[in-house]
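Structure below is run36.cif: mmCIF, C-alpha atoms; chains and numbers go by the auth columns.
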```cif
data_work
#
loop_
_atom_site.group_PDB
_atom_site.id
_atom_site.type_symbol
_atom_site.label_atom_id
_atom_site.label_comp_id
_atom_site.label_asym_id
_atom_site.label_seq_id
_atom_site.Cartn_x
_atom_site.Cartn_y
_atom_site.Cartn_z
_atom_site.B_iso_or_equiv
_atom_site.auth_seq_id
_atom_site.auth_asym_id
ATOM 1 C CA MET A 1 -12.482 -20.698 21.573 0.00 1 A
ATOM 2 C CA SER A 2 -10.565 -21.095 24.797 0.00 2 A
ATOM 3 C CA SER A 3 -9.718 -17.374 24.878 0.00 3 A
ATOM 4 C CA THR A 4 -12.186 -14.635 25.664 0.00 4 A
ATOM 5 C CA LEU A 5 -13.823 -13.005 22.645 0.00 5 A
ATOM 6 C CA LEU A 6 -15.355 -9.589 23.244 0.00 6 A
ATOM 7 C CA ILE A 7 -17.471 -7.765 20.660 0.00 7 A
ATOM 8 C CA ARG A 8 -17.654 -4.075 21.482 0.00 8 A
ATOM 9 C CA PRO A 9 -18.101 -0.653 19.898 0.00 9 A
ATOM 10 C CA LEU A 10 -15.083 0.937 18.257 0.00 10 A
ATOM 11 C CA THR A 11 -13.391 3.684 20.298 0.00 11 A
ATOM 12 C CA ALA A 12 -11.013 6.483 19.346 0.00 12 A
ATOM 13 C CA SER A 13 -8.143 4.645 21.054 0.00 13 A
ATOM 14 C CA ASP A 14 -8.560 1.704 18.626 0.00 14 A
ATOM 15 C CA LEU A 15 -7.085 3.445 15.577 0.00 15 A
ATOM 16 C CA ALA A 16 -3.682 1.716 15.574 0.00 16 A
ATOM 17 C CA ALA A 17 -5.238 -1.737 16.010 0.00 17 A
ATOM 18 C CA TRP A 18 -8.211 -1.099 13.676 0.00 18 A
ATOM 19 C CA ARG A 19 -6.064 0.131 10.777 0.00 19 A
ATOM 20 C CA PRO A 20 -4.421 -3.229 9.916 0.00 20 A
ATOM 21 C CA LEU A 21 -7.873 -4.852 9.888 0.00 21 A
ATOM 22 C CA TRP A 22 -9.216 -2.131 7.596 0.00 22 A
ATOM 23 C CA ASP A 23 -6.190 -2.471 5.336 0.00 23 A
ATOM 24 C CA GLY A 24 -6.637 -6.264 5.329 0.00 24 A
ATOM 25 C CA TYR A 25 -10.299 -5.906 4.379 0.00 25 A
ATOM 26 C CA ASN A 26 -9.388 -3.661 1.465 0.00 26 A
ATOM 27 C CA ALA A 27 -6.517 -5.915 0.366 0.00 27 A
ATOM 28 C CA PHE A 28 -8.949 -8.857 0.293 0.00 28 A
ATOM 29 C CA TYR A 29 -10.900 -6.942 -2.346 0.00 29 A
ATOM 30 C CA GLY A 30 -7.783 -5.930 -4.294 0.00 30 A
ATOM 31 C CA LEU A 31 -7.370 -2.440 -2.870 0.00 31 A
ATOM 32 C CA GLU A 32 -3.707 -2.404 -1.907 0.00 32 A
ATOM 33 C CA GLY A 33 -0.450 -1.036 -3.263 0.00 33 A
ATOM 34 C CA VAL A 34 -1.113 1.127 -6.321 0.00 34 A
ATOM 35 C CA THR A 35 -4.858 0.402 -6.111 0.00 35 A
ATOM 36 C CA ALA A 36 -5.138 1.205 -2.377 0.00 36 A
ATOM 37 C CA LEU A 37 -7.767 3.631 -1.197 0.00 37 A
ATOM 38 C CA PRO A 38 -6.485 7.182 -0.908 0.00 38 A
ATOM 39 C CA GLU A 39 -5.485 7.955 2.680 0.00 39 A
ATOM 40 C CA GLU A 40 -8.098 10.722 2.751 0.00 40 A
ATOM 41 C CA ARG A 41 -10.912 8.162 2.350 0.00 41 A
ATOM 42 C CA THR A 42 -9.686 6.152 5.315 0.00 42 A
ATOM 43 C CA ARG A 43 -9.409 9.320 7.401 0.00 43 A
ATOM 44 C CA ILE A 44 -12.982 10.301 6.494 0.00 44 A
ATOM 45 C CA LEU A 45 -14.252 6.812 7.334 0.00 45 A
ATOM 46 C CA TRP A 46 -12.518 6.874 10.707 0.00 46 A
ATOM 47 C CA GLU A 47 -14.071 10.251 11.543 0.00 47 A
ATOM 48 C CA ARG A 48 -17.516 9.050 10.483 0.00 48 A
ATOM 49 C CA LEU A 49 -17.284 5.884 12.559 0.00 49 A
ATOM 50 C CA LEU A 50 -16.657 7.957 15.676 0.00 50 A
ATOM 51 C CA ASP A 51 -19.156 10.755 14.954 0.00 51 A
ATOM 52 C CA GLU A 52 -22.397 10.130 16.860 0.00 52 A
ATOM 53 C CA ARG A 53 -24.271 12.362 14.382 0.00 53 A
ATOM 54 C CA VAL A 54 -23.499 10.003 11.479 0.00 54 A
ATOM 55 C CA PRO A 55 -25.645 6.847 11.104 0.00 55 A
ATOM 56 C CA MET A 56 -22.525 4.759 10.471 0.00 56 A
ATOM 57 C CA HIS A 57 -21.247 2.491 13.235 0.00 57 A
ATOM 58 C CA ALA A 58 -18.481 0.034 13.976 0.00 58 A
ATOM 59 C CA LEU A 59 -18.017 -2.962 16.197 0.00 59 A
ATOM 60 C CA VAL A 60 -14.721 -4.701 16.783 0.00 60 A
ATOM 61 C CA ALA A 61 -13.865 -8.192 17.912 0.00 61 A
ATOM 62 C CA GLU A 62 -11.250 -8.284 20.645 0.00 62 A
ATOM 63 C CA LEU A 63 -9.502 -11.528 21.537 0.00 63 A
ATOM 64 C CA ASP A 64 -7.280 -11.455 24.595 0.00 64 A
ATOM 65 C CA GLY A 65 -6.831 -7.689 24.238 0.00 65 A
ATOM 66 C CA GLU A 66 -6.055 -7.743 20.493 0.00 66 A
ATOM 67 C CA LEU A 67 -8.436 -6.535 17.768 0.00 67 A
ATOM 68 C CA VAL A 68 -9.105 -9.430 15.386 0.00 68 A
ATOM 69 C CA GLY A 69 -12.202 -8.378 13.458 0.00 69 A
ATOM 70 C CA LEU A 70 -14.453 -5.509 12.481 0.00 70 A
ATOM 71 C CA SER A 71 -17.998 -4.762 11.419 0.00 71 A
ATOM 72 C CA HIS A 72 -19.006 -1.449 9.822 0.00 72 A
ATOM 73 C CA PHE A 73 -22.718 -0.867 9.376 0.00 73 A
ATOM 74 C CA LEU A 74 -25.257 1.850 8.761 0.00 74 A
ATOM 75 C CA PHE A 75 -28.956 2.389 9.196 0.00 75 A
ATOM 76 C CA HIS A 76 -31.187 3.714 6.455 0.00 76 A
ATOM 77 C CA LEU A 77 -34.799 4.044 5.419 0.00 77 A
ATOM 78 C CA SER A 78 -36.396 1.494 3.118 0.00 78 A
ATOM 79 C CA THR A 79 -39.190 1.670 0.572 0.00 79 A
ATOM 80 C CA THR A 80 -40.632 -1.619 1.886 0.00 80 A
ATOM 81 C CA ARG A 81 -39.723 -1.689 5.579 0.00 81 A
ATOM 82 C CA PRO A 82 -41.307 1.152 7.589 0.00 82 A
ATOM 83 C CA ALA A 83 -38.904 0.764 10.512 0.00 83 A
ATOM 84 C CA GLY A 84 -35.824 0.926 8.270 0.00 84 A
ATOM 85 C CA VAL A 85 -32.980 -1.482 7.703 0.00 85 A
ATOM 86 C CA CYS A 86 -29.335 -2.021 8.584 0.00 86 A
ATOM 87 C CA TYR A 87 -26.657 -2.515 5.940 0.00 87 A
ATOM 88 C CA LEU A 88 -23.575 -4.424 7.075 0.00 88 A
ATOM 89 C CA GLN A 89 -21.094 -2.766 4.740 0.00 89 A
ATOM 90 C CA ASP A 90 -17.779 -4.229 5.897 0.00 90 A
ATOM 91 C CA LEU A 91 -17.012 -7.422 7.784 0.00 91 A
ATOM 92 C CA PHE A 92 -13.484 -8.698 8.297 0.00 92 A
ATOM 93 C CA THR A 93 -11.752 -11.237 10.493 0.00 93 A
ATOM 94 C CA ALA A 94 -7.989 -11.638 10.766 0.00 94 A
ATOM 95 C CA PRO A 95 -7.133 -14.380 8.229 0.00 95 A
ATOM 96 C CA ALA A 96 -5.271 -16.567 10.748 0.00 96 A
ATOM 97 C CA LEU A 97 -8.396 -16.718 12.940 0.00 97 A
ATOM 98 C CA ARG A 98 -11.065 -17.475 10.350 0.00 98 A
ATOM 99 C CA GLY A 99 -13.379 -20.359 11.151 0.00 99 A
ATOM 100 C CA LYS A 100 -13.237 -19.703 14.888 0.00 100 A
ATOM 101 C CA GLY A 101 -16.598 -17.959 15.250 0.00 101 A
ATOM 102 C CA ILE A 102 -15.407 -14.350 15.111 0.00 102 A
ATOM 103 C CA GLY A 103 -17.282 -13.464 11.924 0.00 103 A
ATOM 104 C CA ARG A 104 -20.447 -15.088 13.226 0.00 104 A
ATOM 105 C CA ALA A 105 -20.110 -13.206 16.531 0.00 105 A
ATOM 106 C CA LEU A 106 -19.712 -9.914 14.660 0.00 106 A
ATOM 107 C CA ILE A 107 -22.778 -10.639 12.506 0.00 107 A
ATOM 108 C CA GLU A 108 -24.860 -11.548 15.558 0.00 108 A
ATOM 109 C CA ALA A 109 -23.734 -8.421 17.415 0.00 109 A
ATOM 110 C CA THR A 110 -24.528 -6.284 14.370 0.00 110 A
ATOM 111 C CA ALA A 111 -27.965 -7.922 14.150 0.00 111 A
ATOM 112 C CA ALA A 112 -28.545 -7.142 17.833 0.00 112 A
ATOM 113 C CA ALA A 113 -27.527 -3.501 17.258 0.00 113 A
ATOM 114 C CA ALA A 114 -29.915 -3.340 14.289 0.00 114 A
ATOM 115 C CA LYS A 115 -32.759 -4.747 16.351 0.00 115 A
ATOM 116 C CA ALA A 116 -32.025 -2.323 19.199 0.00 116 A
ATOM 117 C CA GLN A 117 -32.145 0.548 16.678 0.00 117 A
ATOM 118 C CA GLY A 118 -35.551 -0.674 15.486 0.00 118 A
ATOM 119 C CA SER A 119 -34.431 -1.965 12.105 0.00 119 A
ATOM 120 C CA GLU A 120 -36.464 -4.771 10.588 0.00 120 A
ATOM 121 C CA ARG A 121 -33.716 -6.289 8.500 0.00 121 A
ATOM 122 C CA LEU A 122 -29.949 -6.725 8.377 0.00 122 A
ATOM 123 C CA TYR A 123 -28.412 -7.311 4.964 0.00 123 A
ATOM 124 C CA TRP A 124 -25.008 -7.387 3.309 0.00 124 A
ATOM 125 C CA GLN A 125 -23.244 -8.338 0.111 0.00 125 A
ATOM 126 C CA THR A 126 -20.017 -10.098 -0.753 0.00 126 A
ATOM 127 C CA HIS A 127 -18.068 -11.011 -3.847 0.00 127 A
ATOM 128 C CA GLU A 128 -19.048 -14.258 -5.514 0.00 128 A
ATOM 129 C CA THR A 129 -15.484 -15.563 -5.065 0.00 129 A
ATOM 130 C CA ASN A 130 -15.567 -15.165 -1.272 0.00 130 A
ATOM 131 C CA ALA A 131 -16.159 -18.879 -0.631 0.00 131 A
ATOM 132 C CA THR A 132 -15.124 -18.764 3.029 0.00 132 A
ATOM 133 C CA GLY A 133 -17.416 -15.863 3.808 0.00 133 A
ATOM 134 C CA ARG A 134 -20.293 -17.318 1.818 0.00 134 A
ATOM 135 C CA ALA A 135 -20.063 -20.604 3.712 0.00 135 A
ATOM 136 C CA LEU A 136 -20.684 -18.649 6.922 0.00 136 A
ATOM 137 C CA TYR A 137 -23.351 -16.421 5.387 0.00 137 A
ATOM 138 C CA ASP A 138 -25.280 -19.450 4.132 0.00 138 A
ATOM 139 C CA ARG A 139 -25.485 -20.649 7.743 0.00 139 A
ATOM 140 C CA VAL A 140 -26.591 -17.365 9.340 0.00 140 A
ATOM 141 C CA ALA A 141 -28.758 -15.771 6.646 0.00 141 A
ATOM 142 C CA GLU A 142 -30.754 -16.448 3.505 0.00 142 A
ATOM 143 C CA PHE A 143 -29.368 -15.731 0.041 0.00 143 A
ATOM 144 C CA LYS A 144 -32.137 -13.732 -1.645 0.00 144 A
ATOM 145 C CA GLY A 145 -30.817 -14.199 -5.189 0.00 145 A
ATOM 146 C CA PHE A 146 -30.168 -10.551 -5.948 0.00 146 A
ATOM 147 C CA ILE A 147 -27.301 -9.488 -8.184 0.00 147 A
ATOM 148 C CA VAL A 148 -25.684 -6.163 -7.283 0.00 148 A
ATOM 149 C CA TYR A 149 -24.800 -3.559 -9.895 0.00 149 A
ATOM 150 C CA GLY A 150 -22.807 -0.438 -9.254 0.00 150 A
ATOM 151 C CA ARG A 151 -21.826 2.676 -11.127 0.00 151 A
ATOM 152 C CA ASP A 152 -19.647 5.569 -10.099 0.00 152 A
ATOM 153 C CA VAL A 153 -21.263 8.942 -10.778 0.00 153 A
#
```

Rendering of file as structure tokens:
Amino acid sequence: MSSTLLIRPLTASDLAAWRPLWDGYNAFYGLEGVTALPEERTRILWERLLDERVPMHALVAELDGELVGLSHFLFHLSTTRPAGVCYLQDLFTAPALRGKGIGRALIEATAAAAKAQGSERLYWQTHETNATGRALYDRVAEFKGFIVYGRDV
């Protein structure tokens, strides 16, 4: 990229620029319009991302002063990794800028944050139809073959 890409922690002043990325992430997974997340959930997420007492964190990608990507991640204990692990829960790059290294930079910065925290592993999941994302993930990580199930309780 000829422009300067900066990966940095999210700050309270980023709300207006972060929100379209968050909405874009959710729209990618079909959560828009009548199926959009309730506003209260986004408000709670925003508060958690900025609360130093919560083990949830966010990095943003800034290109020439504009936010163009995000990474939300959290640290947790593991039954098999004594030092704990890092779950990369959300990763999103502005659609017009995909393929320019922003997603990779966010993953690498998240991995560095995980290592600095003492985590032994960084992991994430994506939908099987996310071909663009999976092409990147196949280059930067190993597919372990697990299938994810979920159930609301």

Interface rows for stretch 31-148 of chain A against stretch 17-23 of chain A: nearest pair, Å to one decimal, 8 Å, only C-alpha atoms, as a Markdown table:
```
| residue | atom | partner | partner_atom | distance |
| --- | --- | --- | --- | --- |
| A:Glu32 | CA | A:Asp23 | CA | 7.7 |
| A:Glu66 | CA | A:Ala17 | CA | 7.5 |
| A:Leu67 | CA | A:Ala17 | CA | 6.0 |
| A:Val68 | CA | A:Leu21 | CA | 7.3 |
| A:Gly69 | CA | A:Leu21 | CA | 6.6 |
| A:Leu70 | CA | A:Leu21 | CA | 7.1 |
| A:Phe92 | CA | A:Leu21 | CA | 7.0 |
| A:Thr93 | CA | A:Leu21 | CA | 7.5 |
| A:Ala94 | CA | A:Leu21 | CA | 6.8 |
```

Next on the checklist: From the options A:Leu15, A:Ile7, A:Leu136, A:Leu37, which residue's atoms come nearest to A:Gly99, counting all atoms listed in the file?
Outcome noted: A:Leu136

Next on the checklist: Starting from the PyMOL selection byres ((chain A and resi 104) around 12), expand the selection into actual residues of this file and give them as a ChimeraX atom specification.
Outcome noted: /A:5,7,61,69-71,91-93,98-103,105-111,133-141

Next on the checklist: Could you tell me how far atom CA of A:Ser119 sits from atom CA of A:Tyr87, in Å to one decimal place?
Outcome noted: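 Atom-to-atom, atom CA of A:Tyr87 to atom CA of A:Ser119, that is 9.9 Å.
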
Next on the checklist: Ranking A:Leu50, A:Ala36, A:Val85, A:Leu31 by minimum distance to A:Pro9 and counting all atoms listed in the file, which one comes first?
Outcome noted: A:Leu50

Got a sec to write stretch 33-126 of chain A of the block to a file, C-alpha atoms, as a compact mmCIF listing (two decimals), in the first residue's frame?
```txt
# COMPACT_ATOMS: atom_id res chain seq x y z
CA GLY A 33 -32.54 -4.13 8.50
CA VAL A 34 -35.21 -6.13 10.32
CA THR A 35 -32.60 -8.68 11.48
CA ALA A 36 -30.13 -6.05 12.77
CA LEU A 37 -28.77 -6.36 16.27
CA PRO A 38 -30.76 -4.37 18.81
CA GLU A 39 -29.11 -1.00 19.45
CA GLU A 40 -28.69 -1.97 23.11
CA ARG A 41 -26.30 -4.80 22.14
CA THR A 42 -24.09 -2.44 20.17
CA ARG A 43 -24.07 0.02 23.06
CA ILE A 44 -23.05 -2.74 25.49
CA LEU A 45 -20.30 -3.91 23.14
CA TRP A 46 -18.94 -0.39 22.79
CA GLU A 47 -18.83 0.04 26.58
CA ARG A 48 -17.10 -3.31 27.01
CA LEU A 49 -14.47 -2.54 24.39
CA LEU A 50 -13.48 0.59 26.29
CA ASP A 51 -13.69 -0.85 29.82
CA GLU A 52 -10.22 -1.85 31.03
CA ARG A 53 -11.80 -4.25 33.56
CA VAL A 54 -13.34 -6.37 30.78
CA PRO A 55 -11.07 -8.89 28.98
CA MET A 56 -12.47 -7.79 25.61
CA HIS A 57 -10.32 -5.60 23.37
CA ALA A 58 -10.39 -3.88 20.01
CA LEU A 59 -7.86 -2.81 17.45
CA VAL A 60 -8.64 -0.65 14.45
CA ALA A 61 -6.91 -0.21 11.14
CA GLU A 62 -6.45 3.42 10.16
CA LEU A 63 -5.50 4.36 6.61
CA ASP A 64 -4.65 8.00 6.01
CA GLY A 65 -6.70 9.03 9.05
CA GLU A 66 -9.77 6.93 8.18
CA LEU A 67 -10.82 3.75 10.02
CA VAL A 68 -10.93 0.89 7.51
CA GLY A 69 -10.94 -2.25 9.65
CA LEU A 70 -11.50 -3.68 13.09
CA SER A 71 -10.51 -6.59 15.28
CA HIS A 72 -12.41 -7.51 18.45
CA PHE A 73 -10.83 -10.15 20.65
CA LEU A 74 -10.91 -11.57 24.15
CA PHE A 75 -8.68 -13.60 26.41
CA HIS A 76 -9.88 -16.65 28.28
CA LEU A 77 -8.66 -19.70 30.14
CA SER A 78 -8.32 -23.03 28.37
CA THR A 79 -8.58 -26.63 29.53
CA THR A 80 -5.47 -27.54 27.49
CA ARG A 81 -3.36 -24.37 27.46
CA PRO A 82 -2.19 -23.29 30.93
CA ALA A 83 -1.35 -19.75 29.82
CA GLY A 84 -4.78 -19.21 28.24
CA VAL A 85 -5.83 -18.33 24.73
CA CYS A 86 -7.10 -15.43 22.65
CA TYR A 87 -10.31 -15.61 20.64
CA LEU A 88 -10.50 -13.26 17.66
CA GLN A 89 -14.26 -12.79 17.66
CA ASP A 90 -14.76 -10.16 14.97
CA LEU A 91 -12.56 -9.16 12.05
CA PHE A 92 -13.71 -6.78 9.34
CA THR A 93 -12.12 -4.76 6.57
CA ALA A 94 -13.94 -2.16 4.49
CA PRO A 95 -15.10 -4.07 1.38
CA ALA A 96 -13.50 -1.64 -1.10
CA LEU A 97 -10.09 -2.24 0.50
CA ARG A 98 -10.07 -6.03 0.78
CA GLY A 99 -6.99 -7.77 -0.56
CA LYS A 100 -4.70 -4.90 0.41
CA GLY A 101 -3.21 -6.44 3.55
CA ILE A 102 -5.48 -4.80 6.13
CA GLY A 103 -7.01 -8.04 7.40
CA ARG A 104 -3.60 -9.67 7.62
CA ALA A 105 -2.23 -6.65 9.52
CA LEU A 106 -5.12 -6.83 11.98
CA ILE A 107 -4.58 -10.57 12.52
CA GLU A 108 -0.85 -10.07 13.08
CA ALA A 109 -1.47 -7.21 15.51
CA THR A 110 -4.04 -9.30 17.38
CA ALA A 111 -1.54 -12.18 17.53
CA ALA A 112 1.08 -9.79 18.94
CA ALA A 113 -1.40 -8.56 21.57
CA ALA A 114 -2.19 -12.18 22.47
CA LYS A 115 1.49 -13.02 22.83
CA ALA A 116 2.08 -9.91 24.95
CA GLN A 117 -0.80 -10.99 27.21
CA GLY A 118 0.82 -14.42 27.60
CA SER A 119 -1.69 -16.36 25.53
CA GLU A 120 -0.44 -19.51 23.84
CA ARG A 121 -2.88 -19.53 20.97
CA LEU A 122 -4.96 -17.21 18.80
CA TYR A 123 -8.02 -18.71 17.15
CA TRP A 124 -11.13 -17.61 15.28
CA GLN A 125 -14.02 -18.91 13.23
CA THR A 126 -15.77 -17.82 10.07
```
